[in-house]
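The structure file final-v3.cif is reproduced below (mmCIF, C-alpha atoms and all ligand atoms).
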data_work
loop_
_atom_site.label_atom_id
_atom_site.label_comp_id
_atom_site.auth_asym_id
_atom_site.auth_seq_id
_atom_site.Cartn_x
_atom_site.Cartn_y
_atom_site.Cartn_z
CA CYS A 1 -21.16 14.17 8.32
CA SER A 2 -17.51 14.55 7.32
CA ALA A 3 -14.53 13.42 9.40
CA ALA A 4 -13.99 17.07 10.27
CA GLN A 5 -17.16 16.68 12.35
CA ILE A 6 -16.30 13.28 13.84
CA ALA A 7 -15.64 14.00 17.49
CA ASN A 8 -13.91 10.88 18.71
CA VAL A 9 -11.09 8.99 17.08
CA SER A 10 -9.62 6.06 18.93
CA LEU A 11 -6.14 4.90 17.88
CA TRP A 12 -5.39 1.29 18.78
CA THR A 13 -1.63 0.86 18.60
CA ARG A 14 1.24 -1.17 20.00
CA SER A 15 3.58 1.82 19.61
CA PRO A 16 4.27 4.04 22.60
CA VAL A 17 2.90 7.57 22.57
CA ALA A 18 4.93 10.15 24.51
CA PRO A 19 2.52 11.59 27.14
CA ASP A 20 4.07 15.08 27.07
CA THR A 21 4.47 15.63 23.30
CA ARG A 22 1.74 13.16 22.20
CA SER A 23 4.10 12.05 19.42
CA MET A 24 4.82 8.53 18.17
CA PRO A 25 8.15 7.07 16.99
CA ARG A 26 6.77 6.58 13.45
CA LEU A 27 5.39 10.13 13.31
CA PRO A 28 8.04 12.34 14.89
CA ASP A 29 7.26 16.06 15.11
CA VAL A 30 3.53 15.37 14.94
CA ARG A 31 1.38 16.06 17.99
CA LEU A 32 -1.69 13.83 17.97
CA PRO A 33 -4.82 16.00 18.23
CA GLU A 34 -6.55 15.95 21.63
CA ARG A 35 -9.64 14.32 20.07
CA VAL A 36 -7.53 11.24 19.25
CA SER A 37 -7.50 8.90 22.22
CA VAL A 38 -4.78 6.25 22.29
CA THR A 39 -5.53 2.75 23.49
CA ASN A 40 -3.97 -0.69 23.54
CA SER A 41 -7.33 -2.52 23.76
CA LEU A 42 -9.29 -3.41 20.66
CA PRO A 43 -12.57 -1.48 20.28
CA HIS A 44 -15.96 -2.98 21.19
CA GLU A 45 -17.92 -0.32 19.29
CA ALA A 46 -17.15 2.16 16.52
CA ASP A 47 -18.83 3.90 13.59
CA ILE A 48 -16.02 2.93 11.19
CA VAL A 49 -12.78 0.97 11.72
CA LEU A 50 -9.65 1.54 9.62
CA LEU A 51 -7.15 -1.32 9.65
CA VAL A 52 -3.58 -0.11 9.07
CA VAL A 53 -1.14 -2.93 9.68
CA PRO A 54 1.36 -4.68 7.41
CA THR A 55 -0.58 -6.97 5.05
CA GLN A 56 0.93 -10.12 6.59
CA ALA A 57 -0.52 -9.07 9.98
CA LEU A 58 -4.01 -8.32 8.65
CA ARG A 59 -5.43 -11.83 9.14
CA ASP A 60 -4.50 -12.09 12.83
CA THR A 61 -5.40 -8.48 13.57
CA SER A 62 -8.81 -8.71 11.89
CA LEU A 63 -9.57 -12.06 13.55
CA ALA A 64 -8.91 -10.49 16.94
CA LEU A 65 -11.03 -7.47 16.03
CA GLU A 66 -13.90 -9.63 14.80
CA LYS A 67 -14.26 -11.21 18.25
CA ASN A 68 -14.89 -7.76 19.74
CA LEU A 69 -16.85 -5.80 17.19
CA PRO A 70 -20.61 -5.92 16.40
CA ALA A 71 -21.23 -7.21 12.85
CA HIS A 72 -22.70 -4.04 11.39
CA VAL A 73 -19.52 -1.95 11.82
CA PRO A 74 -17.84 -1.16 8.46
CA VAL A 75 -14.13 -1.96 8.18
CA ILE A 76 -11.71 -0.29 5.79
CA THR A 77 -8.32 -1.74 4.94
CA CYS A 78 -5.42 0.60 4.15
CA CYS A 79 -3.00 -2.29 3.48
CA LYS A 80 -1.05 -2.26 0.21
CA GLY A 81 0.08 -5.80 -0.36
CA MET A 82 -0.91 -9.44 -0.85
CA GLU A 83 -0.91 -12.23 1.68
CA GLN A 84 1.94 -14.66 1.20
CA GLY A 85 0.92 -18.24 0.45
CA THR A 86 -2.78 -17.53 -0.17
CA PHE A 87 -2.21 -14.69 -2.72
CA ALA A 88 -5.18 -12.98 -1.05
CA LEU A 89 -5.69 -9.24 -1.38
CA PRO A 90 -6.62 -7.46 1.87
CA LEU A 91 -10.37 -7.45 1.18
CA GLU A 92 -10.31 -11.19 0.51
CA VAL A 93 -8.67 -11.66 3.89
CA LEU A 94 -11.41 -9.56 5.51
CA THR A 95 -14.13 -11.53 3.71
CA GLN A 96 -12.76 -14.64 5.41
CA THR A 97 -12.05 -13.17 8.84
CA MET A 98 -14.89 -10.63 9.21
CA PRO A 99 -17.57 -12.00 6.83
CA ASP A 100 -20.44 -10.12 8.48
CA HIS A 101 -18.83 -6.69 8.21
CA PRO A 102 -19.26 -4.41 5.19
CA ALA A 103 -15.72 -3.78 3.94
CA ALA A 104 -13.88 -1.30 1.72
CA VAL A 105 -10.35 -0.28 0.77
CA LEU A 106 -8.63 3.10 1.06
CA SER A 107 -5.58 3.69 -1.14
CA GLY A 108 -3.71 6.50 -2.85
CA PRO A 109 -0.61 8.71 -2.78
CA ASN A 110 -0.55 9.27 0.98
CA PHE A 111 2.67 9.34 2.97
CA ALA A 112 1.43 8.97 6.55
CA ILE A 113 3.60 11.77 7.87
CA GLU A 114 2.08 14.29 5.42
CA ILE A 115 -1.47 13.20 6.20
CA ALA A 116 -0.72 13.52 9.92
CA LYS A 117 0.58 17.06 9.36
CA GLY A 118 -2.64 17.99 7.58
CA LEU A 119 -0.98 18.62 4.22
CA PRO A 120 -3.39 18.43 1.25
CA ALA A 121 -3.94 14.98 -0.30
CA ALA A 122 -6.44 12.79 -2.14
CA ALA A 123 -7.18 9.07 -2.18
CA THR A 124 -9.60 6.46 -3.50
CA LEU A 125 -12.20 4.73 -1.34
CA ALA A 126 -13.36 1.58 -3.12
CA ALA A 127 -16.03 -1.04 -2.50
CA SER A 128 -18.01 -3.26 -4.84
CA ASP A 129 -21.17 -1.42 -3.72
CA LEU A 130 -20.58 2.09 -5.10
CA SER A 131 -23.17 3.77 -2.86
CA PHE A 132 -21.41 2.29 0.21
CA ALA A 133 -18.07 3.60 -1.09
CA GLN A 134 -19.59 7.02 -1.73
CA ASP A 135 -21.07 7.14 1.75
CA LEU A 136 -17.74 6.23 3.39
CA ALA A 137 -15.84 8.68 1.16
CA LYS A 138 -18.19 11.45 2.21
CA ARG A 139 -17.92 10.58 5.90
CA LEU A 140 -14.11 10.39 5.90
CA THR A 141 -13.35 13.37 3.66
CA THR A 142 -11.74 16.19 5.63
CA PRO A 143 -10.79 19.75 4.67
CA THR A 144 -7.30 18.47 3.76
CA LEU A 145 -8.00 14.92 2.53
CA ARG A 146 -10.32 14.55 -0.47
CA LEU A 147 -11.66 11.04 -1.11
CA TYR A 148 -12.97 9.79 -4.44
CA ALA A 149 -15.30 6.76 -4.55
CA SER A 150 -14.69 3.76 -6.83
CA ASN A 151 -16.50 0.48 -7.46
CA ASP A 152 -13.28 -1.33 -8.44
CA PRO A 153 -11.85 -2.56 -5.13
CA PHE A 154 -9.93 -5.30 -6.93
CA GLY A 155 -8.15 -2.85 -9.27
CA VAL A 156 -7.47 -0.43 -6.42
CA GLN A 157 -5.91 -3.15 -4.28
CA MET A 158 -3.86 -4.60 -7.13
CA ALA A 159 -2.60 -1.13 -8.03
CA GLY A 160 -1.75 -0.34 -4.40
CA ALA A 161 0.15 -3.60 -3.97
CA ALA A 162 1.94 -3.47 -7.30
CA LYS A 163 3.13 0.12 -7.02
CA ASN A 164 5.38 -0.95 -4.13
CA VAL A 165 7.12 -3.45 -6.41
CA ILE A 166 7.59 -0.84 -9.15
CA ALA A 167 8.88 1.67 -6.57
CA ILE A 168 11.62 -0.83 -5.67
CA GLY A 169 12.52 -1.12 -9.37
CA ALA A 170 12.56 2.66 -9.78
CA GLY A 171 14.85 2.92 -6.76
CA ILE A 172 17.20 0.36 -8.27
CA THR A 173 17.56 2.46 -11.45
CA VAL A 174 18.60 5.39 -9.25
CA GLY A 175 20.92 3.42 -6.95
CA ALA A 176 22.61 1.79 -9.93
CA GLU A 177 22.96 5.22 -11.61
CA MET A 178 21.06 4.29 -14.76
CA GLY A 179 19.73 7.83 -15.16
CA GLU A 180 16.33 9.48 -14.85
CA ASN A 181 15.23 8.38 -18.35
CA ALA A 182 15.41 4.77 -17.19
CA ARG A 183 13.26 5.46 -14.14
CA ALA A 184 10.62 7.29 -16.24
CA ALA A 185 10.55 4.44 -18.78
CA LEU A 186 10.18 1.82 -16.05
CA ILE A 187 7.33 3.67 -14.34
CA THR A 188 5.47 4.30 -17.61
CA ARG A 189 5.80 0.80 -19.00
CA SER A 190 4.76 -0.64 -15.63
CA LEU A 191 1.41 1.13 -16.04
CA ALA A 192 0.77 -0.87 -19.22
CA GLU A 193 1.83 -4.07 -17.49
CA LEU A 194 -0.31 -3.52 -14.41
CA GLY A 195 -3.32 -2.38 -16.47
CA ARG A 196 -3.11 -5.69 -18.37
CA LEU A 197 -2.89 -7.65 -15.14
CA ILE A 198 -5.83 -5.84 -13.52
CA GLU A 199 -8.10 -6.10 -16.56
CA THR A 200 -7.38 -9.78 -17.23
CA MET A 201 -8.07 -10.63 -13.62
CA GLY A 202 -11.45 -8.90 -13.56
CA GLY A 203 -10.72 -5.31 -12.53
CA GLN A 204 -11.06 -2.08 -14.51
CA ALA A 205 -7.94 -1.23 -16.55
CA ARG A 206 -8.50 2.49 -16.07
CA THR A 207 -8.05 2.17 -12.30
CA ILE A 208 -4.29 2.06 -12.88
CA TYR A 209 -4.46 5.68 -14.11
CA GLY A 210 -6.19 6.86 -10.93
CA LEU A 211 -4.94 7.91 -7.50
CA ALA A 212 -4.32 4.35 -6.29
CA GLY A 213 -2.31 3.56 -9.44
CA MET A 214 -0.49 6.32 -11.26
CA GLY A 215 -0.94 8.70 -8.34
CA ASP A 216 0.76 6.40 -5.86
CA LEU A 217 3.40 5.43 -8.43
CA ILE A 218 4.36 9.05 -8.99
CA LEU A 219 4.73 9.43 -5.23
CA THR A 220 6.48 6.23 -4.25
CA ALA A 221 8.55 5.62 -7.38
CA THR A 222 10.12 9.09 -7.13
CA GLY A 223 9.77 10.14 -3.49
CA PRO A 224 12.71 9.53 -1.15
CA GLY A 225 10.15 9.24 1.69
CA SER A 226 9.02 5.87 0.30
CA ARG A 227 10.43 2.83 2.05
CA ASN A 228 10.09 0.70 -1.07
CA TYR A 229 11.88 3.26 -3.22
CA SER A 230 14.71 3.77 -0.72
CA LEU A 231 15.07 -0.01 -0.38
CA GLY A 232 15.46 -0.13 -4.18
CA ILE A 233 18.11 2.60 -4.09
CA ALA A 234 20.11 0.65 -1.52
CA LEU A 235 19.79 -2.56 -3.58
CA GLY A 236 20.90 -0.68 -6.70
CA ARG A 237 23.98 0.52 -4.83
CA GLY A 238 24.91 -3.08 -4.15
CA GLU A 239 23.66 -3.64 -0.57
CA SER A 240 22.15 -7.06 0.07
CA LEU A 241 18.42 -7.37 0.73
CA ASP A 242 19.08 -9.09 4.06
CA SER A 243 21.26 -6.28 5.34
CA ILE A 244 18.78 -3.60 4.21
CA LEU A 245 15.88 -5.37 5.93
CA ALA A 246 17.91 -5.93 9.09
CA GLN A 247 18.28 -2.15 9.45
CA ARG A 248 14.51 -1.50 9.20
CA SER A 249 11.75 -1.77 11.78
CA THR A 250 8.83 -0.97 9.47
CA VAL A 251 7.38 -2.80 6.52
CA SER A 252 8.47 -2.54 2.86
CA GLU A 253 5.52 -4.37 1.31
CA GLY A 254 6.96 -4.69 -2.20
CA VAL A 255 9.55 -7.27 -1.10
CA LEU A 256 6.90 -9.95 -0.41
CA THR A 257 4.44 -8.71 -3.05
CA ALA A 258 6.88 -9.08 -5.98
CA PRO A 259 7.09 -12.91 -6.08
CA THR A 260 3.35 -13.21 -5.43
CA LEU A 261 2.51 -10.92 -8.36
CA GLN A 262 4.97 -12.76 -10.56
CA LYS A 263 3.22 -16.06 -9.80
CA LEU A 264 -0.22 -14.54 -10.41
CA GLY A 265 0.87 -13.16 -13.80
CA LYS A 266 2.17 -16.59 -14.76
CA GLN A 267 -1.00 -18.33 -13.56
CA HIS A 268 -3.15 -16.04 -15.68
CA GLY A 269 -0.87 -16.16 -18.73
CA ILE A 270 -0.11 -12.42 -18.60
CA GLU A 271 3.26 -11.04 -19.63
CA THR A 272 4.76 -9.14 -16.68
CA PRO A 273 8.41 -8.56 -17.65
CA ILE A 274 9.00 -5.67 -15.24
CA ILE A 275 7.53 -7.45 -12.22
CA ASN A 276 9.46 -10.62 -13.13
CA THR A 277 12.72 -8.68 -13.41
CA ILE A 278 12.25 -6.90 -10.07
CA THR A 279 11.44 -10.24 -8.41
CA ARG A 280 14.66 -11.74 -9.77
CA LEU A 281 16.61 -8.67 -8.63
CA LEU A 282 15.20 -9.05 -5.12
CA SER A 283 16.16 -12.71 -4.96
CA GLY A 284 19.67 -11.88 -6.15
CA GLU A 285 19.18 -13.94 -9.31
CA VAL A 286 20.23 -11.05 -11.58
CA THR A 287 22.32 -7.90 -11.17
CA PRO A 288 20.86 -4.49 -12.06
CA GLU A 289 23.06 -4.41 -15.18
CA ARG A 290 21.87 -7.82 -16.36
CA ALA A 291 18.25 -6.85 -15.63
CA ARG A 292 18.67 -3.63 -17.64
CA ASP A 293 20.08 -5.55 -20.62
CA GLU A 294 17.31 -8.14 -20.50
CA LEU A 295 14.55 -5.53 -20.46
CA LEU A 296 16.15 -3.57 -23.32
CA ASP A 297 16.66 -6.77 -25.32
CA ARG A 298 12.99 -7.73 -25.46
CA PRO A 299 11.45 -8.19 -28.92
CA PRO A 300 10.11 -5.01 -30.61
CA ALA A 301 6.58 -4.10 -29.49
CA LEU A 302 3.83 -1.58 -30.16
CA GLU A 303 3.26 0.96 -27.42
N1 LIG A 401 3.25 4.52 6.07
C1 LIG A 401 2.60 5.05 5.02
O1 LIG A 401 2.89 6.19 4.60
C2 LIG A 401 1.52 4.28 4.36
C3 LIG A 401 1.33 2.94 4.58
N2 LIG A 401 0.31 2.27 3.93
C4 LIG A 401 0.12 0.85 4.08
O2 LIG A 401 -0.39 0.60 5.40
C5 LIG A 401 0.09 -0.67 5.87
C6 LIG A 401 0.81 -0.45 7.19
O3 LIG A 401 1.92 0.39 6.92
P1 LIG A 401 2.69 1.16 8.09
O4 LIG A 401 1.71 1.72 9.05
O5 LIG A 401 3.60 2.13 7.46
O6 LIG A 401 3.51 -0.07 8.68
P2 LIG A 401 4.34 -0.25 10.03
O7 LIG A 401 5.44 -1.18 9.72
O8 LIG A 401 4.67 1.09 10.60
O9 LIG A 401 3.30 -0.99 10.97
C7 LIG A 401 2.05 -0.40 11.33
C8 LIG A 401 1.59 -0.86 12.67
O10 LIG A 401 1.33 -2.26 12.63
C9 LIG A 401 1.88 -2.84 13.78
N3 LIG A 401 2.25 -4.22 13.47
C10 LIG A 401 3.33 -4.64 12.80
N4 LIG A 401 3.35 -5.99 12.75
C11 LIG A 401 2.25 -6.40 13.40
C12 LIG A 401 1.71 -7.67 13.73
N5 LIG A 401 2.32 -8.78 13.32
N6 LIG A 401 0.55 -7.70 14.43
C13 LIG A 401 -0.07 -6.58 14.83
N7 LIG A 401 0.39 -5.36 14.56
C14 LIG A 401 1.53 -5.27 13.86
C15 LIG A 401 3.10 -1.99 14.09
O11 LIG A 401 3.40 -2.10 15.48
C16 LIG A 401 2.62 -0.60 13.74
O12 LIG A 401 1.96 0.02 14.83
C17 LIG A 401 1.02 -1.21 4.76
O13 LIG A 401 0.31 -2.12 3.97
C18 LIG A 401 1.40 0.03 3.97
O14 LIG A 401 1.69 -0.28 2.63
C19 LIG A 401 -0.56 2.93 3.13
C20 LIG A 401 -0.42 4.28 2.91
C21 LIG A 401 0.64 5.04 3.46
O1 LIG A 402 2.06 3.78 0.21
C1 LIG A 402 2.69 4.73 0.59
C2 LIG A 402 2.34 6.11 0.24
O2 LIG A 402 1.18 6.18 -0.54
C3 LIG A 402 3.90 4.51 1.44
O3 LIG A 402 4.90 3.99 0.64
P1 LIG A 402 6.08 3.14 1.28
O4 LIG A 402 5.45 1.95 1.95
O5 LIG A 402 6.96 2.77 0.12
O6 LIG A 402 6.78 4.03 2.26
#
In structure tokens, write the structure found in this file.
Amino acid sequence: CSAAQIANVSLWTRSPVAPDTRSMPRLPDVRLPERVSVTNSLPHEADIVLLVVPTQALRDTSLALEKNLPAHVPVITCCKGMEQGTFALPLEVLTQTMPDHPAAVLSGPNFAIEIAKGLPAAATLAASDLSFAQDLAKRLTTPTLRLYASNDPFGVQMAGAAKNVIAIGAGITVGAEMGENARAALITRSLAELGRLIETMGGQARTIYGLAGMGDLILTATGPGSRNYSLGIALGRGESLDSILAQRSTVSEGVLTAPTLQKLGKQHGIETPIINTITRLLSGEVTPERARDELLDRPPALE
């Protein structure tokens, strides 16, 4: 059956839902459908669970969920980041916290507000067992959200995490008024860099050209609705990272993912000049102008 036929959706959330308008602070102007019931208790039974919390909260949230949920229930992570300290991708976290649950990842160019409004979109549903991914994709596809199955969960997660870092870089080019050519060059060359990283670490290089890679990059490295991109714009204009973060109540995953990716690249001996530069920009080690000069000054290379 498709999600269009799923009768009951239970939304576990800490956020308040206005009883009269059924709207939430993070999704203003959207009325939750009547078939969505809102709860602040974790579920004891479900057909499928989607975990949508900031990556750094995934371990605690999934541990709490594991205590409640029977082992057969599939869990899908929608997180786009890497755990600080452990370098774990979301599915690795779930393998440790919910080892008896079949798990998958959902990722793609999907601003939550547009999905909630029922605007058309597509995404990738990935699991190492392709038939499991295909089954979940079929069950969660709706008339407005088309899901494609993939057997490269590693590549999909790396792409989803890394695109947030690149979106910050793209925002910086805009905030620092470097022009649209610079943003296009940064996005395009980042695809080569991320493809290298994914392939060397055991994923499929072509995943970077799919919805979770290029698709999400096109969205978040150009769309003002992206928190990572808008954070980059503010940084490029000269605001400090601390002051930008102090004004925000929701997560901008790229800030913590950048140094983690940089370390991973180094560990695996992979050249990641764009990720390294964005990491140094975030830590205040270089100015946008210096970063621009360093990237342009690199030795000649084949495309
Ligand atoms: N917002 C979007 O358009 C999309 C977000 N994502 C990804 O989904 C994940 C969550 O993103 P958002 O929902 O936008 O983030 P958010 O910052 O709005 O937080 C989501 C929910 O997690 C809860 N939360 C925050 N910290 C928590 C903690 N320590 N313990 C338990 N719950 C906690 C919040 O109360 C909120 O209800 C991120 O990895 C993001 O990259 C993926 C696709 C689209
Ligand atoms: O991942 C997203 C859309 O696909 C959301 O991007 P931001 O976290 O940058 O807002």
Taking all atoms listed in the file into account, which residues have an atom no farther than 6 Å from ligand LIG 401 (chain A)? I'd like them as a CSV table (one decimal) with C-alpha atoms, in the frame of the given file.
chain,number,residue,atom,x,y,z
A,13,THR,CA,-1.6,0.9,18.6
A,14,ARG,CA,1.2,-1.2,20.0
A,15,SER,CA,3.6,1.8,19.6
A,52,VAL,CA,-3.6,-0.1,9.1
A,53,VAL,CA,-1.1,-2.9,9.7
A,54,PRO,CA,1.4,-4.7,7.4
A,55,THR,CA,-0.6,-7.0,5.0
A,57,ALA,CA,-0.5,-9.1,10.0
A,61,THR,CA,-5.4,-8.5,13.6
A,78,CYS,CA,-5.4,0.6,4.2
A,79,CYS,CA,-3.0,-2.3,3.5
A,80,LYS,CA,-1.0,-2.3,0.2
A,81,GLY,CA,0.1,-5.8,-0.4
A,110,ASN,CA,-0.6,9.3,1.0
A,111,PHE,CA,2.7,9.3,3.0
A,112,ALA,CA,1.4,9.0,6.6
A,250,THR,CA,8.8,-1.0,9.5
A,251,VAL,CA,7.4,-2.8,6.5
A,253,GLU,CA,5.5,-4.4,1.3
Any chance you could tabulate, as a tab-separated table, the residues of chain A at most 8 Å from ligand LIG 402 (chain A) with each one's nearest atom pair and distance in Å to one decimal, using only C-alpha atoms and all ligand atoms, in chain and rising number order?
residue	atom	partner	partner_atom	distance
A:Lys80	CA	A:LIG402	O1	6.8
A:Ser107	CA	A:LIG402	O2	7.2
A:Gly108	CA	A:LIG402	O2	5.4
A:Pro109	CA	A:LIG402	O2	3.8
A:Asn110	CA	A:LIG402	O2	3.9
A:Phe111	CA	A:LIG402	C2	4.2
A:Ala112	CA	A:LIG402	C2	7.0
A:Gly160	CA	A:LIG402	O1	7.3
A:Asn164	CA	A:LIG402	O5	5.9
A:Ala167	CA	A:LIG402	O5	7.0
A:Asp216	CA	A:LIG402	O2	5.3
A:Leu219	CA	A:LIG402	O2	6.7
A:Thr220	CA	A:LIG402	O5	5.6
A:Gly225	CA	A:LIG402	O6	6.2
A:Ser226	CA	A:LIG402	O6	3.5
A:Arg227	CA	A:LIG402	O6	3.8
A:Asn228	CA	A:LIG402	O5	3.9
A:Tyr229	CA	A:LIG402	O5	6.0
A:Ser230	CA	A:LIG402	O5	7.9
A:Val251	CA	A:LIG402	O4	6.9
A:Ser252	CA	A:LIG402	O4	5.5
A:Glu253	CA	A:LIG402	O4	6.4
A:Gly254	CA	A:LIG402	O5	7.8
How would you write as a ChimeraX atom specification the residues that get within 12 Å of (-11.3, -1.4, -16.7) in the file's frame, counting all atoms listed in the file?
/A:150-156,194-210
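The space between atom CA of A:Ala258 and atom CA of A:Ala221 spans 14.9 Å.
Nearest residue to A:Leu91 among A:Ile172, A:Leu261, A:Met158, A:Ala46 is A:Met158, counting all atoms listed in the file.
Residue nearest A:Ser128, chosen from A:Pro273, A:Pro143, A:Pro102, A:Gly175 and counting only C-alpha atoms: A:Pro102.
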Per residue of stretch 164-217 of chain A within 12 Å of stretch 232-237 of chain A, record the nearest atom pair and its distance in Å to one decimal, counting all atoms listed in the file, with rows in chain order and ascending residue number, as JSON lines.
{"residue": "A:Asn164", "atom": "CA", "partner": "A:Gly232", "partner_atom": "CA", "distance": 10.1}
{"residue": "A:Val165", "atom": "CA", "partner": "A:Gly232", "partner_atom": "CA", "distance": 9.2}
{"residue": "A:Ile166", "atom": "CA", "partner": "A:Gly232", "partner_atom": "CA", "distance": 9.3}
{"residue": "A:Ala167", "atom": "CA", "partner": "A:Gly232", "partner_atom": "CA", "distance": 7.2}
{"residue": "A:Ile168", "atom": "CA", "partner": "A:Gly232", "partner_atom": "CA", "distance": 4.2}
{"residue": "A:Gly169", "atom": "CA", "partner": "A:Gly232", "partner_atom": "CA", "distance": 6.0}
{"residue": "A:Ala170", "atom": "CA", "partner": "A:Gly232", "partner_atom": "CA", "distance": 6.9}
{"residue": "A:Gly171", "atom": "CA", "partner": "A:Gly232", "partner_atom": "CA", "distance": 4.0}
{"residue": "A:Ile172", "atom": "CA", "partner": "A:Gly236", "partner_atom": "CA", "distance": 4.2}
{"residue": "A:Thr173", "atom": "CA", "partner": "A:Gly236", "partner_atom": "CA", "distance": 6.6}
{"residue": "A:Val174", "atom": "CA", "partner": "A:Ile233", "partner_atom": "CA", "distance": 5.9}
{"residue": "A:Gly175", "atom": "CA", "partner": "A:Ile233", "partner_atom": "CA", "distance": 4.1}
{"residue": "A:Ala176", "atom": "CA", "partner": "A:Gly236", "partner_atom": "CA", "distance": 4.4}
{"residue": "A:Glu177", "atom": "CA", "partner": "A:Gly236", "partner_atom": "CA", "distance": 7.9}
{"residue": "A:Met178", "atom": "CA", "partner": "A:Gly236", "partner_atom": "CA", "distance": 9.5}
{"residue": "A:Arg183", "atom": "CA", "partner": "A:Ile233", "partner_atom": "CA", "distance": 11.5}
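The space between atom CA of A:Leu186 and atom CA of A:Glu114 spans 26.1 Å.
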